[in-house]
Each structure stands twice: as C-alpha cells, then as structure tokens.
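Here the structure is laid out as structure tokens; the discussion comes afterwards.
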2 protein chains.
Amino acid sequence: MNRKANSEPSAFRGSKRTRRPVGPKHEIKRAAILQKAAQLFAENGYETTSLDMIADHLGIHKATLYHYVPNKETILYECLLASFEDIDTVIDAMRDRSTPLLDRLRHFVQALARAQNNDFGRCLVLVGERPLALAPGGKIKAFQRRLDMALRDLTMEGVLGGQLRPVDPSLVSAMLFGALNWVPRWFRPGKRLSVEDVADAFVDMLVQGITPR
Amino acid sequence: MNRKANSEPSAFRGSKRTRRPVGPKHEIKRAAILQKAAQLFAENGYETTSLDMIADHLGIHKATLYHYVPNKETILYECLLASFEDIDTVIDAMRDRSTPLLDRLRHFVQALARAQNNDFGRCLVLVGERPLALAPGGKIKAFQRRLDMALRDLTMEGVLGGQLRPVDPSLVSAMLFGALNWVPRWFRPGKRLSVEDVADAFVDMLVQGITPR
C-alpha cells in the first residue's frame, strides 16, 4: 500500500512551484493519472478502485491527485473524453455524402473499434453501465446516444437510397454496438488479429452476410 | 431493512416440519430465492447485493436462506443453470445434420436469446465478467465455452460444406455473442419487438447481410 511518502516520481515533483494550475506539464501529469485510473477501472472494476489505489499505483499522495482531478466520477468522464476525443470528426464524416455510404460505415466502425480498445475505451466498456450513469450531467449516455444516432441515420439513408436492404436501423445499431462492445472482453493486442482486422471482419459480415452471394 | 422477523411469507413457513431437506416444496422455495437473487444481481450488481438484501426482499431470515443455498457464489452458479437448463439439448441440436445448417443457426440464436433475457440470463449478462469467475470450479466459463465451440463448429461445417462463405468462425462467434450479450442492456419486454424478433433480425442480418442481393 505504501509506495508514496517521500518517493513521488519526477513527473509529479515540483507541482508546488507551478503558479498556473493548467499548463503543458499539468496536462501531462493529468493524462498519466487518467491512464492509470483507466487501467485500474478496467482491471478491478470501478466500484472497487479507490482514489487511494490510483494514487498508490502512481506513487503519489492522494492530496497530489486532488490537484489534478476533483473526484472519481470526473476521472471516469475524462476517460471517456480521452478515449474518443475526435467524436465530432467521426460524426461529421458519417454525414459527408461525398464519401460512399459503405465506406463511411467502415470508417465509423474502425474509429469506434480503435477508441474502444485503447486503455480509456477498454475502461469504459469494462466498467459496465452503472458507473457510467454517475458521470457529470449524464454526459456519457449523451455521448453514446450521439454515436448510436449517427449509425441509425446512416442506415436510414442507405435504406432510403437503396444501398441497404430495408433493415431496422435500431437493430443494425444494436447488433453492431453489441459486437463492438464485446471486443474489449476477448481481444488481446499483438495476437493474430489487429483491432482493424476485427472491425473489417465485422463490417464485411454485416454488409455481405456470411452466406455466398 | 426489516420486513423479516415474525412475517415470513407462507411459501417459506413450516420448513422446520420438513424432515427431508430436498423435495418439491423445498425446490419451489429454492427457485423463488434464486429468482429474487437474480433480479437483485441484475439491478444492483453482484458485489453490492448481499445475502441480507436477498433475505430482506423475500421477507425471510438470513438463517432460513442458508437452508436453501450455502453462499452467494452458489446462487450465481445456480442462476446460470436455471437460465439455460437445456444446454445439452441445444448443443445436440447444433450437431444434428438432418436439420439444414442455417435452420440450426437460427434455433441456436433463438434459444440463446430467450435464455439470456429471462431473469436468470439477464442477471448473468449484467453482472459482468468478474463475478462469473467466482463460480464453483470455473463452471460458468466452461459453460460459455461449450456454447462458443458449438457455434464455431457449426460455422466451420458451413464453410467446409459451402453453405457459408469462408468466414473466420471465431469472428462469427465474437460478433454474434457480442450482439446477443448486449440485448439485456437495451431490450425491454412488452415493447415493439419480442426477444424472438430480435434474434431473427440478428440471424437475418448475419446470414444475408444488410445490402441487397
């Protein structure tokens, strides 16, 4: 339990000299805290991971931790933002009709698969539903809804435009998000398949089906 | 906290008169305990649901509870068995080549979707990975592996027999189990779609793809 005390690692030393609370160094340290927290949440669950544990694993005082993050709920929310910082770009790309519809679908699934399988994304998927409801202002739910709506809108566009069969957009979304949300539970990087391989295979199966054409 | 004391409901009264520890009445009471436990696990999470809470919600003494179940791990394991008591039948049916391969796939997905969306199945899916590892002898993992292998074997049979494209059985399985495991998180019975509708739509999308043929 006690790797803290007089042995704070260099990245966290000297914070008392910093006048402004925010700056590049502050951000680097804050990012390190978020990353470690994300790993611990994913590994041990959100409820059983305390701020003490996070501070301990970083070898810093809990008081130092509070200099960077106000509470556990905020850490989880910041993990979400960190996992998928370019959500606006991804959602804008879904609406860009100069790109063929099936290409947009593939890029979306690729972006989502990558986001869900970094430290931050794994954390979000693995902690489950309950902790996510605690995030400030229900923002994680809103975030997930935006992604869900982007996929449903694309599906509807495809159904109306004839690129897709008359499928139910809510069920396409349920199937694809289910498949993607499950990946962090079984996927291990550095094995036979990359995250991109998995995403491609999911899109191929969904688009073409698994029976011969 | 105190609906127990002198007010045990009739289903649980008179257990002291029973000589044999097991019998039809014992089983009915035991089933009621498992069902309530499953609902509470699904609602509040496994870790935060105590035996005290389960006894409280049933309006019985914790001591009475121990007459039926030895501990929380066993309850979770029994929930698994209850959710999918006919696993042998389902797996045998997957191997029965007198039924067309795609029909076997559809029946399997239907059976799994039904099993995962009753009280017991919802509990198993919603409690997440960690509690399941606690089940006696890693039996839940073994159970899940049997279902996974049955689906992979069927896919391989289809690929070799030409009914399926040369898809990767592990990714078909990952996609379909992911989609199905997600259903208890969004599905609410009695709305527009039944569990069977959802299962059918998943199979249709996977088999035919979402683009026109």
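Chain lettering (A, B, ...) mirrors the order of the structure tokens, residue numbering begins at 1 for each chain separately, and ligand numbering begins at 1 in order of display.
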
Original post:
Could you list, as a PyMOL selection string, every residue of chain A that has an atom within 8 Å of an atom of chain B, counting only C-alpha atoms?
Top reply: chain A and resi 128+162-165+167+171-172+174-183+198+201-202+205-213

For the selection you just gave me, I'd like the residues written to a file as an mmCIF file, in the first residue's frame, keeping N, CA and C atoms.
```
data_model
loop_
_atom_site.group_PDB
_atom_site.id
_atom_site.type_symbol
_atom_site.label_atom_id
_atom_site.label_comp_id
_atom_site.auth_asym_id
_atom_site.auth_seq_id
_atom_site.Cartn_x
_atom_site.Cartn_y
_atom_site.Cartn_z
ATOM 1 N N GLY A 128 -18.929 -1.306 -17.191
ATOM 2 C CA GLY A 128 -20.363 -1.592 -17.209
ATOM 3 C C GLY A 128 -21.213 -0.345 -17.116
ATOM 4 N N GLY A 162 -31.384 2.895 -51.215
ATOM 5 C CA GLY A 162 -31.297 1.612 -51.893
ATOM 6 C C GLY A 162 -29.944 0.923 -51.780
ATOM 7 N N GLN A 163 -28.983 1.550 -51.081
ATOM 8 C CA GLN A 163 -27.702 0.849 -50.880
ATOM 9 C C GLN A 163 -27.835 -0.268 -49.848
ATOM 10 N N LEU A 164 -28.869 -0.161 -48.989
ATOM 11 C CA LEU A 164 -29.125 -1.192 -47.985
ATOM 12 C C LEU A 164 -30.519 -1.793 -48.184
ATOM 13 N N ARG A 165 -30.664 -3.045 -47.738
ATOM 14 C CA ARG A 165 -31.987 -3.669 -47.693
ATOM 15 C C ARG A 165 -32.849 -2.903 -46.681
ATOM 16 N N VAL A 167 -33.661 -2.758 -43.705
ATOM 17 C CA VAL A 167 -33.383 -3.256 -42.357
ATOM 18 C C VAL A 167 -33.821 -2.224 -41.313
ATOM 19 N N LEU A 171 -31.984 -2.031 -34.997
ATOM 20 C CA LEU A 171 -31.420 -3.371 -34.811
ATOM 21 C C LEU A 171 -30.033 -3.502 -35.443
ATOM 22 N N VAL A 172 -29.793 -2.785 -36.519
ATOM 23 C CA VAL A 172 -28.423 -2.722 -37.062
ATOM 24 C C VAL A 172 -27.509 -2.146 -35.982
ATOM 25 N N ALA A 174 -28.064 -1.991 -32.700
ATOM 26 C CA ALA A 174 -27.977 -2.905 -31.547
ATOM 27 C C ALA A 174 -26.979 -4.024 -31.827
ATOM 28 N N MET A 175 -27.014 -4.541 -33.039
ATOM 29 C CA MET A 175 -26.126 -5.656 -33.380
ATOM 30 C C MET A 175 -24.663 -5.205 -33.428
ATOM 31 N N LEU A 176 -24.447 -4.084 -34.101
ATOM 32 C CA LEU A 176 -23.073 -3.634 -34.308
ATOM 33 C C LEU A 176 -22.454 -3.106 -33.006
ATOM 34 N N PHE A 177 -23.194 -2.329 -32.228
ATOM 35 C CA PHE A 177 -22.648 -1.857 -30.955
ATOM 36 C C PHE A 177 -22.427 -3.019 -29.995
ATOM 37 N N GLY A 178 -23.342 -3.997 -30.018
ATOM 38 C CA GLY A 178 -23.147 -5.173 -29.177
ATOM 39 C C GLY A 178 -21.857 -5.884 -29.530
ATOM 40 N N ALA A 179 -21.672 -6.135 -30.823
ATOM 41 C CA ALA A 179 -20.465 -6.825 -31.278
ATOM 42 C C ALA A 179 -19.215 -6.033 -30.875
ATOM 43 N N LEU A 180 -19.254 -4.716 -31.082
ATOM 44 C CA LEU A 180 -18.081 -3.882 -30.783
ATOM 45 C C LEU A 180 -17.835 -3.776 -29.272
ATOM 46 N N ASN A 181 -18.892 -3.634 -28.508
ATOM 47 C CA ASN A 181 -18.737 -3.502 -27.058
ATOM 48 C C ASN A 181 -18.169 -4.768 -26.421
ATOM 49 N N TRP A 182 -18.316 -5.866 -27.118
ATOM 50 C CA TRP A 182 -17.835 -7.136 -26.592
ATOM 51 C C TRP A 182 -16.332 -7.330 -26.835
ATOM 52 N N VAL A 183 -15.804 -6.624 -27.823
ATOM 53 C CA VAL A 183 -14.413 -6.838 -28.241
ATOM 54 C C VAL A 183 -13.409 -6.684 -27.082
ATOM 55 N N VAL A 198 -10.441 -6.952 -36.916
ATOM 56 C CA VAL A 198 -11.719 -7.332 -36.309
ATOM 57 C C VAL A 198 -12.827 -6.416 -36.833
ATOM 58 N N ALA A 201 -13.691 -7.287 -40.400
ATOM 59 C CA ALA A 201 -14.447 -8.542 -40.497
ATOM 60 C C ALA A 201 -15.900 -8.331 -40.087
ATOM 61 N N PHE A 202 -16.123 -7.549 -39.034
ATOM 62 C CA PHE A 202 -17.494 -7.263 -38.599
ATOM 63 C C PHE A 202 -18.268 -6.537 -39.708
ATOM 64 N N MET A 205 -19.018 -8.982 -42.597
ATOM 65 C CA MET A 205 -20.100 -9.923 -42.287
ATOM 66 C C MET A 205 -21.443 -9.220 -42.302
ATOM 67 N N LEU A 206 -21.487 -8.018 -41.734
ATOM 68 C CA LEU A 206 -22.755 -7.292 -41.669
ATOM 69 C C LEU A 206 -23.207 -6.850 -43.062
ATOM 70 N N VAL A 207 -22.286 -6.378 -43.858
ATOM 71 C CA VAL A 207 -22.636 -5.828 -45.169
ATOM 72 C C VAL A 207 -22.969 -6.948 -46.168
ATOM 73 N N GLN A 208 -22.108 -7.967 -46.208
ATOM 74 C CA GLN A 208 -22.246 -9.030 -47.215
ATOM 75 C C GLN A 208 -23.033 -10.233 -46.714
ATOM 76 N N GLY A 209 -23.093 -10.406 -45.411
ATOM 77 C CA GLY A 209 -23.658 -11.642 -44.869
ATOM 78 C C GLY A 209 -22.626 -12.749 -44.902
ATOM 79 N N ILE A 210 -22.924 -13.857 -44.231
ATOM 80 C CA ILE A 210 -21.940 -14.948 -44.175
ATOM 81 C C ILE A 210 -22.252 -16.064 -45.172
ATOM 82 N N THR A 211 -23.332 -15.897 -45.946
ATOM 83 C CA THR A 211 -23.609 -16.902 -46.981
ATOM 84 C C THR A 211 -23.118 -16.388 -48.331
ATOM 85 N N PRO A 212 -22.808 -17.323 -49.263
ATOM 86 C CA PRO A 212 -22.269 -16.893 -50.568
ATOM 87 C C PRO A 212 -23.293 -16.059 -51.321
ATOM 88 N N ARG A 213 -22.791 -15.109 -52.125
ATOM 89 C CA ARG A 213 -23.680 -14.264 -52.955
ATOM 90 C C ARG A 213 -23.650 -14.745 -54.383
#
```

Subject >> Which of range 50-96 of chain B DSSP labels alpha helix (DSSP H), written as number ranges by chain >> reply: B: 51-58, 62-66, 72-83, 87-94

**OP:** Just the residues within 10 Å of Pro184 in chain B, please, counting only C-alpha atoms, with nothing from its chain fewer than 3 positions along; format it as a count of residues only.
**Re:** 18

Subject >> Long-range neighbours of Tyr77 in chain A as a ChimeraX atom specification, 12 Å cut-off, only C-alpha atoms, 6 positions minimum in chain >> reply: /A:34,37-38,69-71,83-85,120-121,123-124,131-143

Original post:
Nearest to Gln39 in chain B among B:Arg104, B:His57, B:Arg146, B:Lys72, with distances taken over only C-alpha atoms: which residue is it?
Top reply: B:His57

So which residues touch Ile54 in chain B within 9 Å, counting only C-alpha atoms, skipping near sequence neighbours fewer than 6 positions away, as an mmCIF file with N, CA and C atoms, in the first residue's frame?
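In the end it all went to out-v8.cif:
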```cif
data_model
loop_
_atom_site.group_PDB
_atom_site.id
_atom_site.type_symbol
_atom_site.label_atom_id
_atom_site.label_comp_id
_atom_site.auth_asym_id
_atom_site.auth_seq_id
_atom_site.Cartn_x
_atom_site.Cartn_y
_atom_site.Cartn_z
ATOM 1 N N ILE B 33 -36.011 -18.121 -4.257
ATOM 2 C CA ILE B 33 -34.798 -17.431 -3.781
ATOM 3 C C ILE B 33 -33.891 -17.082 -4.960
ATOM 4 N N LYS B 36 -35.361 -14.164 -7.092
ATOM 5 C CA LYS B 36 -35.211 -12.849 -6.454
ATOM 6 C C LYS B 36 -33.738 -12.431 -6.471
ATOM 7 N N ALA B 37 -32.850 -13.368 -6.187
ATOM 8 C CA ALA B 37 -31.416 -13.053 -6.203
ATOM 9 C C ALA B 37 -30.992 -12.585 -7.595
ATOM 10 N N LEU B 40 -32.052 -9.060 -8.214
ATOM 11 C CA LEU B 40 -31.251 -8.093 -7.452
ATOM 12 C C LEU B 40 -29.836 -7.969 -8.011
ATOM 13 N N ILE B 60 -37.652 -12.990 4.573
ATOM 14 C CA ILE B 60 -37.293 -14.151 5.408
ATOM 15 C C ILE B 60 -36.001 -13.858 6.186
ATOM 16 N N LYS B 62 -32.141 -14.496 7.234
ATOM 17 C CA LYS B 62 -30.944 -14.960 6.533
ATOM 18 C C LYS B 62 -30.670 -16.428 6.880
ATOM 19 N N LEU B 65 -32.499 -18.571 4.643
ATOM 20 C CA LEU B 65 -31.867 -18.575 3.330
ATOM 21 C C LEU B 65 -30.794 -19.670 3.260
#
```

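We find CA of Leu80 in chain B and CA of Ala55 in chain B to be spaced 20.0 Å apart.
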
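Restricting the calculation to only C-alpha atoms, the smallest distance between Leu105 in chain B and any of B:Met53, B:Ala32, B:Ile91, B:Cys79 is found for B:Ile91.
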
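Atom to atom, CA of Asp56 in chain A and CA of Ala115 in chain A stand 27.0 Å apart.
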
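By only C-alpha atoms, and with residues fewer than 2 positions from Asp103 in chain B along its chain excluded, the set lying at most 12 Å from it is B:Ala93, B:Met94, B:Arg95, B:Asp96, B:Arg97, B:Ser98, B:Thr99, B:Pro100, B:Leu101, B:Leu105, B:Arg106, B:His107, B:Phe108, B:Val109, B:Gln110, B:Leu154, B:Gly158, B:Gln163, B:Asp200, B:Val203, B:Asp204, B:Val207.
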